file final09.cif (mmCIF, C-alpha atoms)
data_entry
#
loop_
_atom_site.group_PDB
_atom_site.id
_atom_site.type_symbol
_atom_site.label_atom_id
_atom_site.label_comp_id
_atom_site.auth_asym_id
_atom_site.auth_seq_id
_atom_site.Cartn_x
_atom_site.Cartn_y
_atom_site.Cartn_z
ATOM 1 C CA MET A 339 -14.474 43.078 175.993
ATOM 2 C CA GLU A 340 -18.170 43.771 176.568
ATOM 3 C CA GLY A 341 -18.867 47.486 176.737
ATOM 4 C CA TRP A 342 -15.464 48.523 175.420
ATOM 5 C CA GLN A 343 -15.279 50.942 172.494
ATOM 6 C CA ARG A 344 -12.446 52.043 170.271
ATOM 7 C CA ALA A 345 -12.060 55.792 170.646
ATOM 8 C CA PHE A 346 -9.972 58.920 170.240
ATOM 9 C CA VAL A 347 -9.967 62.095 172.320
ATOM 10 C CA LEU A 348 -11.187 65.041 170.240
ATOM 11 C CA HIS A 349 -10.805 67.656 172.941
ATOM 12 C CA GLY A 350 -10.150 67.821 176.652
ATOM 13 C CA ARG A 351 -10.146 70.467 179.364
ATOM 14 C CA PRO A 352 -9.407 70.485 183.093
ATOM 15 C CA TYR A 353 -12.383 69.926 185.357
ATOM 16 C CA SER A 354 -12.034 70.528 189.091
ATOM 17 C CA GLU A 355 -8.587 70.011 190.582
ATOM 18 C CA THR A 356 -7.886 66.489 189.362
ATOM 19 C CA SER A 357 -10.370 65.585 186.619
ATOM 20 C CA LEU A 358 -10.794 66.040 182.864
ATOM 21 C CA MET A 359 -13.853 66.755 180.725
ATOM 22 C CA LEU A 360 -13.389 64.969 177.413
ATOM 23 C CA ASP A 361 -15.100 64.840 174.052
ATOM 24 C CA LEU A 362 -14.474 61.351 172.666
ATOM 25 C CA PHE A 363 -15.014 60.098 169.130
ATOM 26 C CA THR A 364 -16.038 56.456 169.474
ATOM 27 C CA GLU A 365 -16.619 53.745 166.913
ATOM 28 C CA GLY A 366 -20.080 52.698 168.051
ATOM 29 C CA HIS A 367 -21.552 55.827 169.645
ATOM 30 C CA GLY A 368 -19.945 58.718 167.770
ATOM 31 C CA ARG A 369 -19.231 61.775 169.888
ATOM 32 C CA VAL A 370 -19.523 61.157 173.619
ATOM 33 C CA ARG A 371 -18.742 63.602 176.430
ATOM 34 C CA VAL A 372 -17.257 61.987 179.518
ATOM 35 C CA LEU A 373 -15.884 63.062 182.868
ATOM 36 C CA ALA A 374 -12.573 61.368 183.646
ATOM 37 C CA LYS A 375 -12.470 61.583 187.436
ATOM 38 C CA GLY A 376 -9.003 61.869 188.942
ATOM 39 C CA ALA A 377 -7.310 61.645 185.526
ATOM 40 C CA ARG A 378 -5.017 64.579 186.378
ATOM 41 C CA SER A 379 -3.974 63.334 189.788
ATOM 42 C CA ARG A 380 -0.400 62.236 190.369
ATOM 43 C CA ARG A 381 -1.406 58.650 190.993
ATOM 44 C CA SER A 382 -3.648 58.279 187.949
ATOM 45 C CA ASN A 383 -2.602 55.577 185.504
ATOM 46 C CA LEU A 384 -4.399 57.566 182.788
ATOM 47 C CA LYS A 385 -2.125 60.565 183.068
ATOM 48 C CA GLY A 386 -0.722 61.281 179.618
ATOM 49 C CA ALA A 387 -2.908 58.702 177.860
ATOM 50 C CA LEU A 388 -6.037 60.804 177.395
ATOM 51 C CA GLN A 389 -4.573 62.933 174.611
ATOM 52 C CA PRO A 390 -5.680 63.543 171.015
ATOM 53 C CA PHE A 391 -4.437 61.064 168.406
ATOM 54 C CA THR A 392 -3.853 58.251 170.924
ATOM 55 C CA PRO A 393 -5.860 55.116 169.980
ATOM 56 C CA LEU A 394 -7.871 54.061 173.031
ATOM 57 C CA LEU A 395 -10.189 51.390 174.323
ATOM 58 C CA VAL A 396 -12.735 52.975 176.669
ATOM 59 C CA ARG A 397 -15.768 52.180 178.792
ATOM 60 C CA TRP A 398 -18.167 54.642 180.370
ATOM 61 C CA GLY A 399 -21.372 54.703 182.389
ATOM 62 C CA GLY A 400 -24.230 57.025 183.282
ATOM 63 C CA ARG A 401 -27.432 58.179 181.646
ATOM 64 C CA GLY A 402 -27.031 61.933 181.469
ATOM 65 C CA GLU A 403 -25.511 64.089 178.746
ATOM 66 C CA VAL A 404 -22.117 63.777 180.458
ATOM 67 C CA LYS A 405 -21.063 60.178 181.097
ATOM 68 C CA THR A 406 -18.500 58.949 183.606
ATOM 69 C CA LEU A 407 -15.383 57.331 182.192
ATOM 70 C CA ARG A 408 -14.960 53.904 183.830
ATOM 71 C CA ASN A 409 -11.853 52.591 182.083
ATOM 72 C CA ALA A 410 -9.455 53.691 179.366
ATOM 73 C CA GLU A 411 -6.478 51.872 177.910
ATOM 74 C CA PRO A 412 -4.158 53.099 175.169
ATOM 75 C CA VAL A 413 -4.000 50.614 172.304
ATOM 76 C CA SER A 414 -0.694 52.007 171.068
ATOM 77 C CA LEU A 415 1.479 55.066 171.309
ATOM 78 C CA SER A 416 0.028 58.362 170.125
ATOM 79 C CA LEU A 417 0.157 58.808 166.353
ATOM 80 C CA PRO A 418 3.095 61.163 165.674
ATOM 81 C CA LEU A 419 1.762 64.446 164.301
ATOM 82 C CA SER A 420 3.814 67.632 164.247
ATOM 83 C CA GLY A 421 3.926 70.982 162.500
ATOM 84 C CA LEU A 422 1.458 71.353 159.658
ATOM 85 C CA MET A 423 0.193 67.792 160.117
ATOM 86 C CA LEU A 424 -0.581 68.464 163.793
ATOM 87 C CA TYR A 425 -2.604 71.567 162.981
ATOM 88 C CA SER A 426 -4.416 69.639 160.257
ATOM 89 C CA GLY A 427 -5.283 66.929 162.788
ATOM 90 C CA LEU A 428 -6.549 69.523 165.278
ATOM 91 C CA TYR A 429 -8.726 70.947 162.501
ATOM 92 C CA VAL A 430 -10.261 67.524 161.845
ATOM 93 C CA ASN A 431 -10.885 67.017 165.571
ATOM 94 C CA GLU A 432 -12.567 70.403 165.905
ATOM 95 C CA LEU A 433 -14.785 69.701 162.904
ATOM 96 C CA LEU A 434 -16.055 66.509 164.518
ATOM 97 C CA ALA A 435 -16.540 68.129 167.915
ATOM 98 C CA ARG A 436 -18.532 70.958 166.340
ATOM 99 C CA VAL A 437 -20.793 69.217 163.848
ATOM 100 C CA LEU A 438 -21.533 65.718 165.183
ATOM 101 C CA GLU A 439 -24.673 65.201 167.201
ATOM 102 C CA PRO A 440 -23.877 63.327 170.437
ATOM 103 C CA GLU A 441 -24.182 59.542 170.563
ATOM 104 C CA THR A 442 -25.027 58.735 166.966
ATOM 105 C CA ASP A 443 -23.795 55.790 164.911
ATOM 106 C CA CYS A 444 -20.525 56.782 163.243
ATOM 107 C CA ALA A 445 -18.923 53.412 162.529
ATOM 108 C CA SER A 446 -17.974 54.122 158.905
ATOM 109 C CA LEU A 447 -16.920 57.710 159.660
ATOM 110 C CA PHE A 448 -14.711 56.429 162.490
ATOM 111 C CA PHE A 449 -12.614 54.505 159.970
ATOM 112 C CA ASP A 450 -12.514 57.514 157.629
ATOM 113 C CA TYR A 451 -11.158 59.484 160.583
ATOM 114 C CA LEU A 452 -8.623 56.789 161.466
ATOM 115 C CA ASN A 453 -7.416 56.658 157.863
ATOM 116 C CA CYS A 454 -7.102 60.448 157.740
ATOM 117 C CA ILE A 455 -5.085 60.642 160.963
ATOM 118 C CA GLN A 456 -2.814 57.790 159.882
ATOM 119 C CA LEU A 457 -2.092 59.573 156.590
ATOM 120 C CA LEU A 458 -1.305 62.780 158.454
ATOM 121 C CA ALA A 459 0.972 60.888 160.845
ATOM 122 C CA ALA A 460 2.847 59.407 157.887
ATOM 123 C CA GLY A 461 3.795 62.997 157.085
ATOM 124 C CA GLN A 462 4.436 62.405 153.405
ATOM 125 C CA GLY A 463 3.907 65.550 151.360
ATOM 126 C CA SER A 464 0.866 67.772 151.759
ATOM 127 C CA PRO A 465 -2.123 66.964 154.000
ATOM 128 C CA GLU A 466 -4.471 68.168 151.258
ATOM 129 C CA GLN A 467 -5.689 64.837 149.894
ATOM 130 C CA ALA A 468 -6.405 63.444 153.355
ATOM 131 C CA LEU A 469 -8.279 66.560 154.522
ATOM 132 C CA ARG A 470 -10.468 66.914 151.460
ATOM 133 C CA ARG A 471 -11.428 63.228 151.463
ATOM 134 C CA PHE A 472 -12.313 63.365 155.130
ATOM 135 C CA GLU A 473 -14.406 66.520 154.718
ATOM 136 C CA LEU A 474 -16.365 64.859 151.926
ATOM 137 C CA ALA A 475 -16.832 61.714 154.035
ATOM 138 C CA LEU A 476 -18.087 63.872 156.918
ATOM 139 C CA LEU A 477 -20.556 65.675 154.648
ATOM 140 C CA ALA A 478 -21.853 62.322 153.393
ATOM 141 C CA HIS A 479 -22.308 61.169 157.013
ATOM 142 C CA LEU A 480 -24.238 64.353 157.791
ATOM 143 C CA GLY A 481 -26.634 63.524 154.973
ATOM 144 C CA TYR A 482 -25.408 66.255 152.673
ATOM 145 C CA GLY A 483 -26.490 64.729 149.373
ATOM 146 C CA VAL A 484 -25.363 66.348 146.146
ATOM 147 C CA ASP A 485 -25.025 64.898 142.660
ATOM 148 C CA PHE A 486 -21.637 65.899 141.275
ATOM 149 C CA LEU A 487 -22.066 64.005 138.002
ATOM 150 C CA HIS A 488 -25.292 65.438 136.581
ATOM 151 C CA CYS A 489 -26.520 68.924 135.771
ATOM 152 C CA ALA A 490 -29.389 69.719 138.149
ATOM 153 C CA GLY A 491 -31.127 71.686 135.404
ATOM 154 C CA SER A 492 -31.044 69.267 132.473
ATOM 155 C CA GLY A 493 -30.175 65.948 134.125
ATOM 156 C CA GLU A 494 -27.376 65.443 131.618
ATOM 157 C CA GLN A 495 -23.951 64.178 132.665
ATOM 158 C CA VAL A 496 -21.456 66.927 133.376
ATOM 159 C CA ALA A 497 -18.930 67.683 130.634
ATOM 160 C CA ASP A 498 -15.294 68.252 131.566
ATOM 161 C CA GLU A 499 -14.928 71.752 130.118
ATOM 162 C CA MET A 500 -18.435 73.005 130.878
ATOM 163 C CA THR A 501 -18.916 75.322 133.856
ATOM 164 C CA TYR A 502 -21.530 74.579 136.514
ATOM 165 C CA ARG A 503 -22.644 76.905 139.268
ATOM 166 C CA TYR A 504 -23.542 75.482 142.653
ATOM 167 C CA ARG A 505 -26.938 76.344 144.098
ATOM 168 C CA GLU A 506 -27.854 75.257 147.614
ATOM 169 C CA GLU A 507 -30.540 72.572 147.819
ATOM 170 C CA LYS A 508 -30.510 72.223 144.028
ATOM 171 C CA GLY A 509 -27.059 71.141 142.937
ATOM 172 C CA PHE A 510 -24.846 72.131 140.030
ATOM 173 C CA ILE A 511 -26.457 73.902 137.083
ATOM 174 C CA ALA A 512 -24.739 74.723 133.783
ATOM 175 C CA SER A 513 -23.921 78.422 133.730
ATOM 176 C CA LEU A 514 -21.742 80.999 131.980
ATOM 177 C CA VAL A 515 -21.251 82.836 135.279
ATOM 178 C CA ILE A 516 -17.752 82.359 136.679
ATOM 179 C CA ASP A 517 -17.420 83.046 140.400
ATOM 180 C CA ASN A 518 -16.560 81.305 143.667
ATOM 181 C CA HIS A 519 -19.588 79.019 143.243
ATOM 182 C CA SER A 520 -18.527 77.839 139.771
ATOM 183 C CA PHE A 521 -16.877 74.522 138.987
ATOM 184 C CA THR A 522 -15.854 72.748 135.800
ATOM 185 C CA GLY A 523 -17.190 69.300 135.010
ATOM 186 C CA ARG A 524 -13.669 67.943 135.468
ATOM 187 C CA GLN A 525 -13.544 69.349 138.988
ATOM 188 C CA LEU A 526 -16.955 67.888 139.809
ATOM 189 C CA LYS A 527 -15.877 64.438 138.637
ATOM 190 C CA ALA A 528 -12.845 64.664 140.941
ATOM 191 C CA LEU A 529 -15.166 65.542 143.847
ATOM 192 C CA ALA A 530 -17.407 62.575 143.052
ATOM 193 C CA GLU A 531 -14.428 60.196 143.021
ATOM 194 C CA ARG A 532 -12.638 61.900 145.953
ATOM 195 C CA GLU A 533 -9.472 61.806 143.875
ATOM 196 C CA PHE A 534 -7.584 65.036 143.202
ATOM 197 C CA PRO A 535 -4.734 64.613 140.727
ATOM 198 C CA ASP A 536 -3.575 68.246 140.684
ATOM 199 C CA SER A 537 -3.741 71.612 142.445
ATOM 200 C CA ASP A 538 -6.727 72.736 140.352
ATOM 201 C CA THR A 539 -8.978 69.931 141.581
ATOM 202 C CA LEU A 540 -7.651 70.253 145.141
ATOM 203 C CA ARG A 541 -8.454 73.958 145.272
ATOM 204 C CA ALA A 542 -11.898 73.298 143.842
ATOM 205 C CA ALA A 543 -12.497 70.648 146.507
ATOM 206 C CA LYS A 544 -11.486 73.093 149.225
ATOM 207 C CA ARG A 545 -13.881 75.732 147.877
ATOM 208 C CA PHE A 546 -16.747 73.260 147.820
ATOM 209 C CA THR A 547 -16.176 71.755 151.261
ATOM 210 C CA ARG A 548 -15.866 75.225 152.831
ATOM 211 C CA MET A 549 -19.219 76.210 151.317
ATOM 212 C CA ALA A 550 -20.911 72.942 152.238
ATOM 213 C CA LEU A 551 -19.633 72.849 155.841
ATOM 214 C CA LYS A 552 -20.426 76.494 156.607
ATOM 215 C CA PRO A 553 -24.115 75.909 157.558
ATOM 216 C CA TYR A 554 -23.073 73.214 160.041
ATOM 217 C CA LEU A 555 -20.413 75.401 161.667
ATOM 218 C CA GLY A 556 -22.511 78.543 161.987
ATOM 219 C CA GLY A 557 -20.866 81.898 162.571
ATOM 220 C CA LYS A 558 -18.414 80.781 165.246
ATOM 221 C CA PRO A 559 -14.866 80.594 163.812
ATOM 222 C CA LEU A 560 -12.755 77.466 164.160
ATOM 223 C CA LYS A 561 -10.038 77.815 166.785
ATOM 224 C CA SER A 562 -7.766 75.510 164.793
ATOM 225 C CA ARG A 563 -7.710 78.022 161.931
ATOM 226 C CA GLU A 564 -6.429 80.730 164.277
ATOM 227 C CA LEU A 565 -3.741 78.349 165.533
ATOM 228 C CA PHE A 566 -2.802 77.677 161.927
ATOM 229 C CA ARG A 567 -2.444 81.403 161.263
ATOM 230 C CA GLN A 568 -0.117 81.732 164.245
ATOM 231 C CA PHE A 569 1.907 78.760 163.008
ATOM 232 C CA SER A 570 2.152 80.304 159.533
ATOM 233 C CA VAL A 571 3.447 83.596 160.973
ATOM 234 C CA LYS A 572 6.134 81.783 162.971
ATOM 235 C CA ALA A 573 7.170 79.649 160.000
ATOM 236 C CA PRO A 574 6.560 81.770 156.872
ATOM 237 C CA ALA A 575 6.613 79.806 153.670
ATOM 238 C CA GLU A 576 4.619 79.337 150.515
ATOM 239 C CA LYS A 577 0.964 79.428 151.510
ATOM 240 C CA PRO A 578 -0.334 75.837 151.774
ATOM 241 C CA LEU A 579 -3.528 74.821 150.072
ATOM 242 C CA ASN A 580 -5.228 74.074 153.367
ATOM 243 C CA SER A 581 -4.546 77.500 154.856
ATOM 244 C CA PRO A 582 -7.703 78.732 156.559
ATOM 245 C CA ASP A 583 -7.558 82.017 154.610
#

call {"tool": "encode", "arguments": {"input": "final09.cif", "output": "structure tokens"}}
result
Amino acid sequence: MEGWQRAFVLHGRPYSETSLMLDLFTEGHGRVRVLAKGARSRRSNLKGALQPFTPLLVRWGGRGEVKTLRNAEPVSLSLPLSGLMLYSGLYVNELLARVLEPETDCASLFFDYLNCIQLLAAGQGSPEQALRRFELALLAHLGYGVDFLHCAGSGEQVADEMTYRYREEKGFIASLVIDNHSFTGRQLKALAEREFPDSDTLRAAKRFTRMALKPYLGGKPLKSRELFRQFSVKAPAEKPLNSPD
């Protein structure tokens, strides 16, 4: 198995008449862009396999920014995502494609991703817990260090009912100001543990991850959020916690 890597397709697009340009998320090399020559031809044994959420074993070659896919084999059937879970999975894929530097070690993040996608595929309840945990794991991988458990001003441990205001590059500082940057000590402890027992802590986690990920995403909107809006219009219901709005 020398040279083989476990991988998932993050995004693919047609290239020439018969090929595909793919962004892969691999266990050992992180995000890798490859050209899958002939993958769209009628005779290709890869046709249908190079899709998001299908566990793959892959090999590639080349020295440039775009590698050439040598081999790809599906490990199993595609993980079954549909509806809200599918759009949540597309969101996770787009996050990785947008923020990961190419060909960096992502071994631990790969398993966070796998766990997230498996939870989404299980389709039990809301995708909220899985999404928030993955976003926090991604921020940790990116080197986004923040102390959730201590006041950045005094150094004291956060108190459940005290309010702390988030300041970039400083952390959470005790404050009487209540706004979108404010969090209770209880919410901060939930963020530190990546455990969200109720809607209050889940909403707080969403607020924080949106703020923290914004510098990495820049001003370009996420396409998956627009898809989610279209899905919500077609299937109106109570607004989910992970709505992009």

call {"tool": "atom_distance", "arguments": {"input": "final09.cif", "atom1": "atom CA of A:His349", "atom2": "atom CA of A:Pro390"}}
result
6.8 Å

call {"tool": "resolve_selection", "arguments": {"input": "final09.cif", "expression": "the PyMOL selection byres ((chain A and resi 346) around 9)", "output": "PyMOL selection string"}}
result
chain A and resi 344-345+347-348+361-364+388-395

call {"tool": "closest_residue", "arguments": {"input": "final09.cif", "among": "A:Ala528, A:Leu433, A:Ala410, A:Leu417", "to": "A:Ser382", "atoms": "all atoms listed in the file"}}
result
A:Ala410

call {"tool": "resolve_selection", "arguments": {"input": "final09.cif", "expression": "the PyMOL selection byres ((chain A and resi 456) around 10)", "output": "ChimeraX atom specification"}}
result
/A:391,417-419,427,450-455,457-461,468

call {"tool": "write_last_selection", "arguments": {"input": "final09.cif", "atoms": "C-alpha atoms", "output": "compact mmCIF listing (two decimals), keeping the file's coordinate frame"}}
result
# COMPACT_ATOMS: atom_id res chain seq x y z
CA PHE A 391 -4.44 61.06 168.41
CA LEU A 417 0.16 58.81 166.35
CA PRO A 418 3.10 61.16 165.67
CA LEU A 419 1.76 64.45 164.30
CA GLY A 427 -5.28 66.93 162.79
CA ASP A 450 -12.51 57.51 157.63
CA TYR A 451 -11.16 59.48 160.58
CA LEU A 452 -8.62 56.79 161.47
CA ASN A 453 -7.42 56.66 157.86
CA CYS A 454 -7.10 60.45 157.74
CA ILE A 455 -5.08 60.64 160.96
CA LEU A 457 -2.09 59.57 156.59
CA LEU A 458 -1.30 62.78 158.45
CA ALA A 459 0.97 60.89 160.84
CA ALA A 460 2.85 59.41 157.89
CA GLY A 461 3.80 63.00 157.08
CA ALA A 468 -6.40 63.44 153.35

call {"tool": "resolve_selection", "arguments": {"input": "final09.cif", "expression": "the PyMOL selection byres ((chain A and resi 370) around 9)", "output": "PDB file with C-alpha atoms, in the frame of the given file"}}
result
ATOM      1  CA  LEU A 360     -13.389  64.969 177.413  1.00  0.00           C
ATOM      2  CA  ASP A 361     -15.100  64.840 174.052  1.00  0.00           C
ATOM      3  CA  LEU A 362     -14.474  61.351 172.666  1.00  0.00           C
ATOM      4  CA  PHE A 363     -15.014  60.098 169.130  1.00  0.00           C
ATOM      5  CA  THR A 364     -16.038  56.456 169.474  1.00  0.00           C
ATOM      6  CA  HIS A 367     -21.552  55.827 169.645  1.00  0.00           C
ATOM      7  CA  GLY A 368     -19.945  58.718 167.770  1.00  0.00           C
ATOM      8  CA  ARG A 369     -19.231  61.775 169.888  1.00  0.00           C
ATOM      9  CA  ARG A 371     -18.742  63.602 176.430  1.00  0.00           C
ATOM     10  CA  VAL A 372     -17.257  61.987 179.518  1.00  0.00           C
ATOM     11  CA  GLU A 403     -25.511  64.089 178.746  1.00  0.00           C
ATOM     12  CA  VAL A 404     -22.117  63.777 180.458  1.00  0.00           C
ATOM     13  CA  LYS A 405     -21.063  60.178 181.097  1.00  0.00           C
ATOM     14  CA  PRO A 440     -23.877  63.327 170.437  1.00  0.00           C
ATOM     15  CA  GLU A 441     -24.182  59.542 170.563  1.00  0.00           C
ATOM     16  CA  THR A 442     -25.027  58.735 166.966  1.00  0.00           C
TER      17      THR A 442
END

call {"tool": "closest_residue", "arguments": {"input": "final09.cif", "among": "A:Leu477, A:Ala435, A:Leu514, A:Val430", "to": "A:Glu499", "atoms": "all atoms listed in the file"}}
result
A:Leu514

call {"tool": "atom_distance", "arguments": {"input": "final09.cif", "atom1": "atom CA of A:Leu476", "atom2": "atom CA of A:Pro535"}}
result
21.0 Å

call {"tool": "atom_distance", "arguments": {"input": "final09.cif", "atom1": "atom CA of A:Leu529", "atom2": "atom CA of A:Gly421"}}
result
27.2 Å

call {"tool": "residues_around", "arguments": {"input": "final09.cif", "residues": "A:Thr501", "least_positions_apart": "6", "cutoff": "12 Å", "atoms": "all atoms listed in the file", "output": "list in words"}}
result
Cys489, Phe510, Ile511, Ala512, Ser513, Leu514, Val515, Ile516, Asp517, Asn518, His519, Ser520, Phe521, Thr522, Gly523, Arg524, Gln525 and Leu526 of chain A

call {"tool": "residues_around", "arguments": {"input": "final09.cif", "residues": "A:Pro553", "least_positions_apart": "2", "cutoff": "12 Å", "atoms": "only C-alpha atoms", "output": "list of chain:residue names"}}
result
A:Arg436, A:Val437, A:Leu477, A:Leu480, A:Tyr482, A:Glu506, A:Thr547, A:Arg548, A:Met549, A:Ala550, A:Leu551, A:Leu555, A:Gly556, A:Gly557, A:Lys558

call {"tool": "closest_residue", "arguments": {"input": "final09.cif", "among": "A:His479, A:Arg378, A:Met423, A:Ser354", "to": "A:Leu438", "atoms": "only C-alpha atoms"}}
result
A:His479

call {"tool": "residues_around", "arguments": {"input": "final09.cif", "residues": "A:Val484", "least_positions_apart": "3", "cutoff": "10 Å", "atoms": "all atoms listed in the file", "output": "number ranges by chain"}}
result
A: 477-478, 481, 487-488, 490, 504, 506-510, 530

call {"tool": "closest_residue", "arguments": {"input": "final09.cif", "among": "A:Leu560, A:Tyr554, A:Asp485, A:Arg397", "to": "A:Glu531", "atoms": "only C-alpha atoms"}}
result
A:Asp485

call {"tool": "axis_aligned_box", "arguments": {"input": "final09.cif", "around": "stretch 399-411 of chain A", "padding_each_side": "4 Å", "output": "AutoDock Vina command-line options"}}
result
--center_x -17.0 --center_y 58.0 --center_z 180.9 --size_x 29.0 --size_y 20.2 --size_z 13.9

call {"tool": "residues_around", "arguments": {"input": "final09.cif", "residues": "A:Gln467", "least_positions_apart": "4", "cutoff": "12 Å", "atoms": "all atoms listed in the file", "output": "PDB file with C-alpha atoms, in the coordinates of the input"}}
result
ATOM      1  CA  SER A 426      -4.416  69.639 160.257  1.00  0.00           C
ATOM      2  CA  ASN A 453      -7.416  56.658 157.863  1.00  0.00           C
ATOM      3  CA  CYS A 454      -7.102  60.448 157.740  1.00  0.00           C
ATOM      4  CA  ILE A 455      -5.085  60.642 160.963  1.00  0.00           C
ATOM      5  CA  LEU A 457      -2.092  59.573 156.590  1.00  0.00           C
ATOM      6  CA  LEU A 458      -1.305  62.780 158.454  1.00  0.00           C
ATOM      7  CA  GLN A 462       4.436  62.405 153.405  1.00  0.00           C
ATOM      8  CA  GLY A 463       3.907  65.550 151.360  1.00  0.00           C
ATOM      9  CA  ARG A 471     -11.428  63.228 151.463  1.00  0.00           C
ATOM     10  CA  PHE A 472     -12.313  63.365 155.130  1.00  0.00           C
ATOM     11  CA  GLU A 473     -14.406  66.520 154.718  1.00  0.00           C
ATOM     12  CA  LEU A 474     -16.365  64.859 151.926  1.00  0.00           C
ATOM     13  CA  ALA A 528     -12.845  64.664 140.941  1.00  0.00           C
ATOM     14  CA  LEU A 529     -15.166  65.542 143.847  1.00  0.00           C
ATOM     15  CA  ARG A 532     -12.638  61.900 145.953  1.00  0.00           C
ATOM     16  CA  GLU A 533      -9.472  61.806 143.875  1.00  0.00           C
ATOM     17  CA  PHE A 534      -7.584  65.036 143.202  1.00  0.00           C
ATOM     18  CA  PRO A 535      -4.734  64.613 140.727  1.00  0.00           C
ATOM     19  CA  ASP A 536      -3.575  68.246 140.684  1.00  0.00           C
ATOM     20  CA  SER A 537      -3.741  71.612 142.445  1.00  0.00           C
ATOM     21  CA  THR A 539      -8.978  69.931 141.581  1.00  0.00           C
ATOM     22  CA  LEU A 540      -7.651  70.253 145.141  1.00  0.00           C
ATOM     23  CA  ARG A 541      -8.454  73.958 145.272  1.00  0.00           C
ATOM     24  CA  ALA A 543     -12.497  70.648 146.507  1.00  0.00           C
ATOM     25  CA  LYS A 544     -11.486  73.093 149.225  1.00  0.00           C
ATOM     26  CA  LEU A 579      -3.528  74.821 150.072  1.00  0.00           C
ATOM     27  CA  ASN A 580      -5.228  74.074 153.367  1.00  0.00           C
TER      28      ASN A 580
END

call {"tool": "closest_residue", "arguments": {"input": "final09.cif", "among": "A:Tyr429, A:Arg503, A:Pro412, A:Ala374", "to": "A:Arg470", "atoms": "all atoms listed in the file"}}
result
A:Tyr429
